[in-house]
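Next comes structure-v2.cif, a file with mmCIF, C-alpha atoms.
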data_run
loop_
_atom_site.label_atom_id
_atom_site.label_comp_id
_atom_site.auth_asym_id
_atom_site.auth_seq_id
_atom_site.Cartn_x
_atom_site.Cartn_y
_atom_site.Cartn_z
CA MET A 106 311.95 91.00 184.67
CA THR A 107 309.40 93.09 186.60
CA ILE A 108 305.79 93.39 185.43
CA LEU A 109 303.28 95.92 186.75
CA LEU A 110 299.88 94.21 186.84
CA VAL A 111 296.93 96.64 186.84
CA ASP A 112 293.37 95.46 187.47
CA ASP A 113 290.63 96.67 189.82
CA GLU A 114 289.40 93.09 190.37
CA ARG A 115 291.23 91.34 193.18
CA ASP A 116 290.49 87.82 191.91
CA THR A 117 291.92 88.54 188.48
CA ARG A 118 295.03 90.15 189.98
CA THR A 119 295.59 87.15 192.24
CA VAL A 120 295.32 84.57 189.46
CA ALA A 121 297.45 86.63 187.05
CA ARG A 122 300.10 87.43 189.68
CA LEU A 123 300.52 83.80 190.74
CA ALA A 124 300.56 82.61 187.12
CA LEU A 125 303.19 85.15 186.13
CA SER A 126 305.36 84.59 189.21
CA GLN A 127 305.02 80.82 189.75
CA LEU A 128 304.76 79.73 186.12
CA GLY A 129 306.43 82.59 184.26
CA GLY A 130 309.26 83.49 186.63
CA PHE A 131 308.41 87.20 186.65
CA THR A 132 308.57 89.64 189.53
CA VAL A 133 305.04 91.09 189.76
CA VAL A 134 303.93 94.37 191.32
CA GLU A 135 300.19 95.05 191.59
CA ALA A 136 298.10 98.20 191.17
CA ALA A 137 294.32 98.38 191.64
CA SER A 138 293.62 101.49 189.55
CA GLY A 139 294.93 103.58 186.69
CA ARG A 140 296.18 106.31 189.02
CA GLU A 141 298.04 103.76 191.13
CA ALA A 142 299.54 102.38 187.93
CA LEU A 143 300.97 105.71 186.80
CA ASP A 144 302.46 106.30 190.25
CA ALA A 145 303.98 102.81 190.26
CA VAL A 146 305.48 103.22 186.80
CA ALA A 147 307.12 106.50 187.81
CA ARG A 148 308.45 104.96 191.03
CA LEU A 149 309.46 101.45 189.93
CA ARG A 150 310.17 101.65 186.19
CA PRO A 151 308.81 98.14 185.45
CA ASP A 152 309.90 96.27 182.33
CA ALA A 153 306.29 95.89 181.15
CA VAL A 154 302.72 96.75 182.13
CA ILE A 155 299.67 94.49 181.95
CA LEU A 156 296.53 96.67 181.93
CA ASP A 157 292.90 95.81 182.49
CA VAL A 158 290.77 97.63 179.93
CA MET A 159 287.67 98.38 182.01
CA MET A 160 288.44 100.17 185.28
CA PRO A 161 286.62 102.98 187.12
CA GLU A 162 287.84 106.60 186.89
CA MET A 163 290.77 105.84 184.56
CA ASP A 164 290.52 102.88 182.20
CA GLY A 165 293.25 100.94 180.43
CA PRO A 166 293.31 102.98 177.19
CA GLU A 167 293.54 106.19 179.24
CA VAL A 168 296.48 104.80 181.20
CA LEU A 169 298.12 103.75 177.94
CA ALA A 170 297.67 107.25 176.51
CA ALA A 171 299.26 108.76 179.62
CA LEU A 172 302.23 106.40 179.33
CA ARG A 173 302.68 107.15 175.62
CA ALA A 174 302.58 110.91 176.29
CA ARG A 175 305.71 110.80 178.49
CA PRO A 176 309.18 110.42 176.91
CA ASP A 177 310.40 108.21 179.76
CA THR A 178 307.51 105.71 179.48
CA MET A 179 306.42 105.97 175.86
CA ASP A 180 308.26 102.79 174.83
CA ILE A 181 307.28 100.54 177.74
CA PRO A 182 305.62 97.32 176.49
CA VAL A 183 301.91 97.20 177.37
CA VAL A 184 299.59 94.18 177.30
CA PHE A 185 295.81 94.57 177.63
CA LEU A 186 293.49 92.30 179.62
CA THR A 187 289.82 92.39 178.67
CA ALA A 188 286.67 90.43 179.39
CA LYS A 189 285.07 91.75 176.18
CA ALA A 190 286.13 89.54 173.30
CA MET A 191 283.87 90.85 170.52
CA PRO A 192 285.82 91.29 167.26
CA GLU A 193 285.06 95.02 167.01
CA GLU A 194 286.28 95.60 170.58
CA LEU A 195 289.48 93.65 169.97
CA ALA A 196 290.08 95.58 166.75
CA ARG A 197 289.64 98.89 168.60
CA LEU A 198 292.14 97.86 171.27
CA ARG A 199 294.59 96.45 168.74
CA ALA A 200 294.62 99.80 166.92
CA LEU A 201 296.03 101.44 170.06
CA GLY A 202 299.34 99.71 169.44
CA VAL A 203 299.69 97.42 172.45
CA LEU A 204 302.00 94.42 172.44
CA ALA A 205 299.22 91.86 172.94
CA ILE A 206 295.63 91.44 174.10
CA HIS A 207 294.54 88.62 176.39
CA THR A 208 290.93 87.80 177.15
CA LYS A 209 289.59 86.94 180.60
CA PRO A 210 289.25 84.37 182.00
CA PHE A 211 292.53 82.79 180.94
CA ASP A 212 294.41 79.56 181.43
CA PRO A 213 297.20 80.48 183.91
CA GLU A 214 299.89 78.42 182.21
CA GLU A 215 299.01 79.59 178.70
CA PHE A 216 298.82 83.19 179.93
CA ALA A 217 302.28 83.10 181.56
CA THR A 218 303.79 81.44 178.48
CA ALA A 219 302.18 83.91 176.06
CA VAL A 220 303.31 86.95 178.08
CA ARG A 221 306.87 85.63 178.28
CA ARG A 222 306.92 84.94 174.53
CA ALA A 223 305.49 88.38 173.65
CA LEU A 224 307.96 90.22 175.89
CA GLY A 225 310.84 88.18 174.53
CA GLU A 226 309.84 89.04 170.98
CA ALA A 227 309.47 92.71 171.93
CA ARG A 228 313.02 92.72 173.30
CA THR A 229 314.43 91.19 170.12
CA GLY A 230 312.40 93.52 167.91
CA GLU A 231 310.34 90.75 166.36
CA ALA A 232 306.59 91.03 165.82
CA PRO A 233 304.57 88.86 168.19
CA ALA A 234 303.54 85.63 166.53
CA GLY A 235 299.91 84.80 165.96
CA SER A 236 296.86 86.77 166.91
CA PRO A 237 297.26 89.37 169.69
CA ALA A 238 293.88 88.29 171.03
CA ALA A 239 295.41 85.29 172.77
CA ALA A 240 294.92 82.92 175.67
CA MET A 241 291.19 82.50 176.02
CA ALA A 242 290.32 79.81 178.52
CA GLY A 243 287.46 78.80 176.26
CA SER A 244 283.86 79.90 176.18
CA PRO A 245 281.85 77.58 178.37
CA GLY A 246 278.54 76.30 177.17
CA ALA A 247 275.26 76.22 179.00
CA ALA A 248 276.51 74.10 181.92
CA ASP A 249 276.26 75.67 185.38
CA ILE A 250 279.89 74.91 186.20
CA ASP A 251 282.85 74.66 183.83
CA HIS A 252 285.03 72.29 185.84
CA GLY A 253 287.93 72.87 183.48
CA ALA A 254 288.27 76.44 184.76
CA LEU A 255 288.71 75.19 188.34
CA ARG A 256 291.21 72.51 187.28
CA LYS A 257 293.39 75.20 185.71
CA LEU A 258 293.57 77.02 189.04
CA GLN A 259 294.31 74.01 191.20
CA GLY A 260 298.03 73.97 190.45
CA LEU A 261 298.49 77.44 191.92
CA THR A 262 298.97 78.19 195.61
CA THR A 263 298.84 81.42 197.59
CA GLU A 264 301.83 82.79 199.47
CA THR A 265 300.68 80.85 202.54
CA GLY A 266 300.65 77.58 200.62
CA ALA A 267 296.85 77.37 200.51
CA SER A 268 294.96 76.32 197.37
CA LEU A 269 294.20 79.36 195.23
CA ALA A 270 291.05 77.72 193.86
CA THR A 271 289.68 77.12 197.36
CA GLU A 272 290.48 80.68 198.43
CA LEU A 273 288.77 82.19 195.39
CA VAL A 274 285.66 80.07 195.87
CA GLU A 275 285.35 81.23 199.48
CA LEU A 276 285.90 84.86 198.48
CA PHE A 277 283.21 84.51 195.83
CA ALA A 278 280.82 82.97 198.38
CA GLY A 279 281.52 85.71 200.91
CA ASN A 280 281.59 88.75 198.64
CA THR A 281 278.78 88.08 196.15
CA PRO A 282 275.84 88.71 198.54
CA GLY A 283 277.19 92.20 199.24
CA VAL A 284 277.65 92.89 195.54
CA LEU A 285 274.05 91.86 194.83
CA GLN A 286 272.85 94.13 197.64
CA GLN A 287 274.83 97.04 196.17
CA LEU A 288 273.34 96.41 192.75
CA ARG A 289 269.80 96.38 194.13
CA ALA A 290 270.37 99.74 195.81
CA LEU A 291 271.83 101.21 192.63
CA VAL A 292 268.88 100.06 190.52
CA VAL A 293 266.60 102.12 192.79
CA THR A 294 268.81 105.15 192.10
CA GLY A 295 268.05 104.86 188.40
CA PRO A 296 269.97 106.00 185.30
CA PRO A 297 272.61 108.08 187.17
CA ALA A 298 273.91 104.78 188.57
CA ASN A 299 274.12 102.98 185.21
CA ARG A 300 277.90 103.16 184.96
CA GLU A 301 278.45 101.85 188.49
CA ILE A 302 275.96 99.02 187.88
CA GLU A 303 277.84 98.14 184.70
CA ARG A 304 281.17 98.15 186.57
CA LEU A 305 279.96 95.94 189.43
CA ALA A 306 278.27 93.50 187.05
CA HIS A 307 281.45 93.35 184.96
CA ALA A 308 283.50 92.50 188.07
CA LEU A 309 280.98 89.85 189.16
CA LYS A 310 281.02 88.34 185.66
CA SER A 311 284.83 88.11 185.69
CA SER A 312 284.91 86.48 189.13
CA ALA A 313 282.28 83.94 188.09
CA LEU A 314 284.08 83.11 184.84
CA THR A 315 287.39 82.66 186.66
CA LEU A 316 285.75 79.91 188.73
CA GLY A 317 283.75 78.44 185.85
CA ALA A 318 280.39 79.52 187.30
CA THR A 319 279.03 80.03 183.81
CA ALA A 320 275.33 80.43 184.57
CA MET A 321 276.03 83.20 187.08
CA ALA A 322 278.50 84.80 184.67
CA ASP A 323 275.82 84.84 181.95
CA ALA A 324 273.34 86.59 184.26
CA ALA A 325 275.97 89.13 185.33
CA ARG A 326 276.78 89.78 181.66
CA GLU A 327 273.11 90.48 180.96
CA ILE A 328 273.07 93.01 183.80
CA GLU A 329 276.24 94.62 182.46
CA ASP A 330 274.75 94.93 178.97
CA ALA A 331 271.41 96.19 180.32
CA ALA A 332 273.10 98.93 182.34
CA HIS A 333 275.22 99.94 179.36
CA GLU A 334 272.08 100.20 177.21
CA GLY A 335 269.94 101.88 179.90
CA ARG A 336 267.51 98.95 180.34
CA LEU A 337 267.37 98.88 184.13
CA SER A 338 263.87 97.33 184.16
CA VAL A 339 265.37 93.90 183.41
CA VAL A 340 268.00 94.03 186.14
CA GLU A 341 265.88 93.18 189.20
CA PRO A 342 264.75 89.75 187.87
CA LEU A 343 268.36 88.96 186.97
CA LEU A 344 269.46 89.84 190.51
CA ASP A 345 266.78 87.50 191.85
CA HIS A 346 268.15 84.78 189.57
CA LEU A 347 271.71 85.37 190.84
CA ALA A 348 270.59 85.31 194.47
CA ARG A 349 268.79 82.00 193.96
CA ASP A 350 271.74 80.42 192.15
CA LEU A 351 274.50 81.55 194.51
CA GLY A 352 274.05 78.86 197.17
CA PRO A 353 273.78 75.90 194.78
CA THR A 354 276.65 77.23 192.67
CA VAL A 355 278.99 77.61 195.64
CA ALA A 356 278.00 74.10 196.81
CA ARG A 357 278.94 72.65 193.39
CA LEU A 358 282.24 74.54 193.38
CA ARG A 359 283.13 73.31 196.85
CA ALA A 360 282.16 69.76 195.95
CA HIS A 361 284.51 69.83 192.98
CA LEU A 362 287.40 70.87 195.21
CA THR A 363 286.95 68.12 197.79
#
Re-express the file's structure as structure tokens.
Amino acid sequence: MTILLVDDERDTRTVARLALSQLGGFTVVEAASGREALDAVARLRPDAVILDVMMPEMDGPEVLAALRARPDTMDIPVVFLTAKAMPEELARLRALGVLAIHTKPFDPEEFATAVRRALGEARTGEAPAGSPAAAMAGSPGAADIDHGALRKLQGLTTETGASLATELVELFAGNTPGVLQQLRALVVTGPPANREIERLAHALKSSALTLGATAMADAAREIEDAAHEGRLSVVEPLLDHLARDLGPTVARLRAHLT
């Protein structure tokens, strides 16, 4: 069974792809945007689509609407991925008629099992069991690092045989300074940049949560919410906080992996 996995965040795509292929036995094709997804569906005719909700230019619900508007794709099973787990948001997404909703970050094994179960039930015409808002990895508390999140990644390897957890930590260490620099420049631009600030903070939050860097994820979430609400005055101190915490956080992550 072939799944088209659509997410603009590389880290999330990597974890989901390896979980679905190594633990779920699926063939997985990736797309990094809504436009890419529609092209891939037309070209490959996958058996199902897993869609990130929040993407630039064309988000998950817009891709879903485009699929439902075409006779040849209107019945394709669609699963949403979202980092926003508020009840009202889940209710809004559920009303769109998707097969299931999974919140990020997720436990790779639970995610692969839940997707396989949902697609199996869709094929037999049965309603998916349980709540469609499935497979949360758990909401970490106030600790700086949720070591359970890293442990869940350590069974997965990249195509080269390297540890996925180690690779993601190094990507996080290498990419985050550039993201913080972009955010600082956008804050200077002011309100016209609010949406891009929100998008970048959302991506940073997801990457941090995937690794269990909960304190950094909380700060990124505050930036995301502030940009959404137009409160850019609070963003600069939060960026300072993230910059200060990056080095110690990466050190703790690396220490856990050794």
I'd like the neighbourhood of range 168-179 of chain A as a CSV table (one decimal) with C-alpha atoms, keeping the file's coordinate frame, where a residue qualifies if any of its atoms comes within 12 Å (using all atoms listed in the file), though same-chain residues fewer than 5 positions away should be ignored.
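Writing done, so here's result31.csv:
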chain,number,residue,atom,x,y,z
A,111,VAL,CA,296.9,96.6,186.8
A,112,ASP,CA,293.4,95.5,187.5
A,138,SER,CA,293.6,101.5,189.6
A,139,GLY,CA,294.9,103.6,186.7
A,140,ARG,CA,296.2,106.3,189.0
A,141,GLU,CA,298.0,103.8,191.1
A,142,ALA,CA,299.5,102.4,187.9
A,143,LEU,CA,301.0,105.7,186.8
A,144,ASP,CA,302.5,106.3,190.2
A,145,ALA,CA,304.0,102.8,190.3
A,146,VAL,CA,305.5,103.2,186.8
A,147,ALA,CA,307.1,106.5,187.8
A,148,ARG,CA,308.4,105.0,191.0
A,149,LEU,CA,309.5,101.4,189.9
A,150,ARG,CA,310.2,101.6,186.2
A,151,PRO,CA,308.8,98.1,185.4
A,152,ASP,CA,309.9,96.3,182.3
A,153,ALA,CA,306.3,95.9,181.2
A,154,VAL,CA,302.7,96.8,182.1
A,155,ILE,CA,299.7,94.5,182.0
A,156,LEU,CA,296.5,96.7,181.9
A,157,ASP,CA,292.9,95.8,182.5
A,158,VAL,CA,290.8,97.6,179.9
A,159,MET,CA,287.7,98.4,182.0
A,160,MET,CA,288.4,100.2,185.3
A,161,PRO,CA,286.6,103.0,187.1
A,162,GLU,CA,287.8,106.6,186.9
A,163,MET,CA,290.8,105.8,184.6
A,184,VAL,CA,299.6,94.2,177.3
A,185,PHE,CA,295.8,94.6,177.6
A,198,LEU,CA,292.1,97.9,171.3
A,201,LEU,CA,296.0,101.4,170.1
A,202,GLY,CA,299.3,99.7,169.4
A,203,VAL,CA,299.7,97.4,172.4
A,204,LEU,CA,302.0,94.4,172.4
Could you name the residues that touch Thr281 in chain A at 9 Å or less, counting all atoms listed in the file, but leaving out those on the same chain fewer than 5 positions away, as a list of chain:residue names?
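My list of contacting residues is A:Leu276, A:Gln286, A:Leu309, A:Ala348, A:Leu351.
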Quick one: write out the picked residues with C-alpha atoms as a PDB file, in the frame of the given file?
ATOM      1  CA  LEU A 276     285.900  84.860 198.480  1.00  0.00           C
ATOM      2  CA  GLN A 286     272.850  94.130 197.640  1.00  0.00           C
ATOM      3  CA  LEU A 309     280.980  89.850 189.160  1.00  0.00           C
ATOM      4  CA  ALA A 348     270.590  85.310 194.470  1.00  0.00           C
ATOM      5  CA  LEU A 351     274.500  81.550 194.510  1.00  0.00           C
TER       6      LEU A 351
END
Which of these residues is nearest to Val292 in chain A, using all atoms listed in the file: A:His346, A:Arg326, A:Arg357, A:Arg336?
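Looking only at the distances to Val292 in chain A, the closest residue turns out to be A:Arg336.
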Name every residue that the PyMOL selection byres ((chain A and resi 114) around 9) selects in this structure, writing the answer as a list in words with chains first and numbers rising.
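That selection, the PyMOL selection byres ((chain A and resi 114) around 9), comes back as Asp112, Asp113, Arg115, Asp116, Thr117, Arg118, Thr119, Ala137, Met160, Ala308, Ser311 and Ser312 of chain A.
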Nearest to Pro297 in chain A among A:Ala325, A:Ala332, A:Ala320, A:Ala313, with distances taken over all atoms listed in the file: which residue is it?
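Smallest separation from Pro297 in chain A among the options: A:Ala332.
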Quick one: of A:His252, A:Glu301, A:Arg359, A:Leu125, who's nearest to Glu275 in chain A, counting all atoms listed in the file?
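Closest to Glu275 in chain A of all the choices is A:Arg359.
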Given the file above and the PyMOL selection byres ((chain A and resi 339) around 12), which residues are selected, and can you give them as a list in words?
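When the PyMOL selection byres ((chain A and resi 339) around 12) is applied to the shown file, the picked residues are Arg289, Val292, Ala324, Ala325, Glu327, Ile328, Glu329, Asp330, Ala331, Ala332, Glu334, Gly335, Arg336, Leu337, Ser338, Val340, Glu341, Pro342, Leu343, Leu344, Asp345 and His346 of chain A.
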Here CA of Gly317 in chain A and CA of Arg222 in chain A stand apart by 26.6 Å
Between CA of Val120 in chain A and CA of Leu347 in chain A, what is the distance, to one decimal in Å?
23.7 Å
Which residue gives the smallest distance to Gly283 in chain A among A:Ala270, A:Ile250, A:Ala219, A:Leu305, with all atoms listed in the file counted?
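For Gly283 in chain A, the nearest of the given residues is A:Leu305.
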Atom-to-atom span, CA of Thr262 in chain A and CA of Lys189 in chain A, Å:
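According to the coordinates, CA of Thr262 in chain A and CA of Lys189 in chain A are separated by 27.5 Å.
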Would you list the contacts of range 253-256 of chain A as an NGL selection string, taking every protein, DNA or RNA residue within 12 Å and counting only C-alpha atoms, but skipping same-chain residues closer than 2 positions in sequence?
:A and (120 or 209-214 or 241-246 or 248 or 250-251 or 258-261 or 268-274 or 312-319 or 357-363)
With only C-alpha atoms as the basis for distance, which of A:Asn299, A:Thr107, A:Thr354, A:Gln287 is at the shortest distance from Leu224 in chain A?
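Ranked by minimum distance to Leu224 in chain A, first place goes to A:Thr107.
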Which neighbours of Ala190 in chain A fall inside 7 Å, counting only C-alpha atoms, when residues of the same chain fewer than 3 positions from it are skipped, and could you give them as a ChimeraX atom specification?
/A:194-195,208
Taking into account all atoms listed in the file, which residue in the set A:Ile108, A:Thr265, A:Ala217, A:Arg199 is nearest to Ala124 in chain A?
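Of A:Ile108, A:Thr265, A:Ala217, A:Arg199, the one nearest Ala124 in chain A is A:Ala217, counting all atoms listed in the file.
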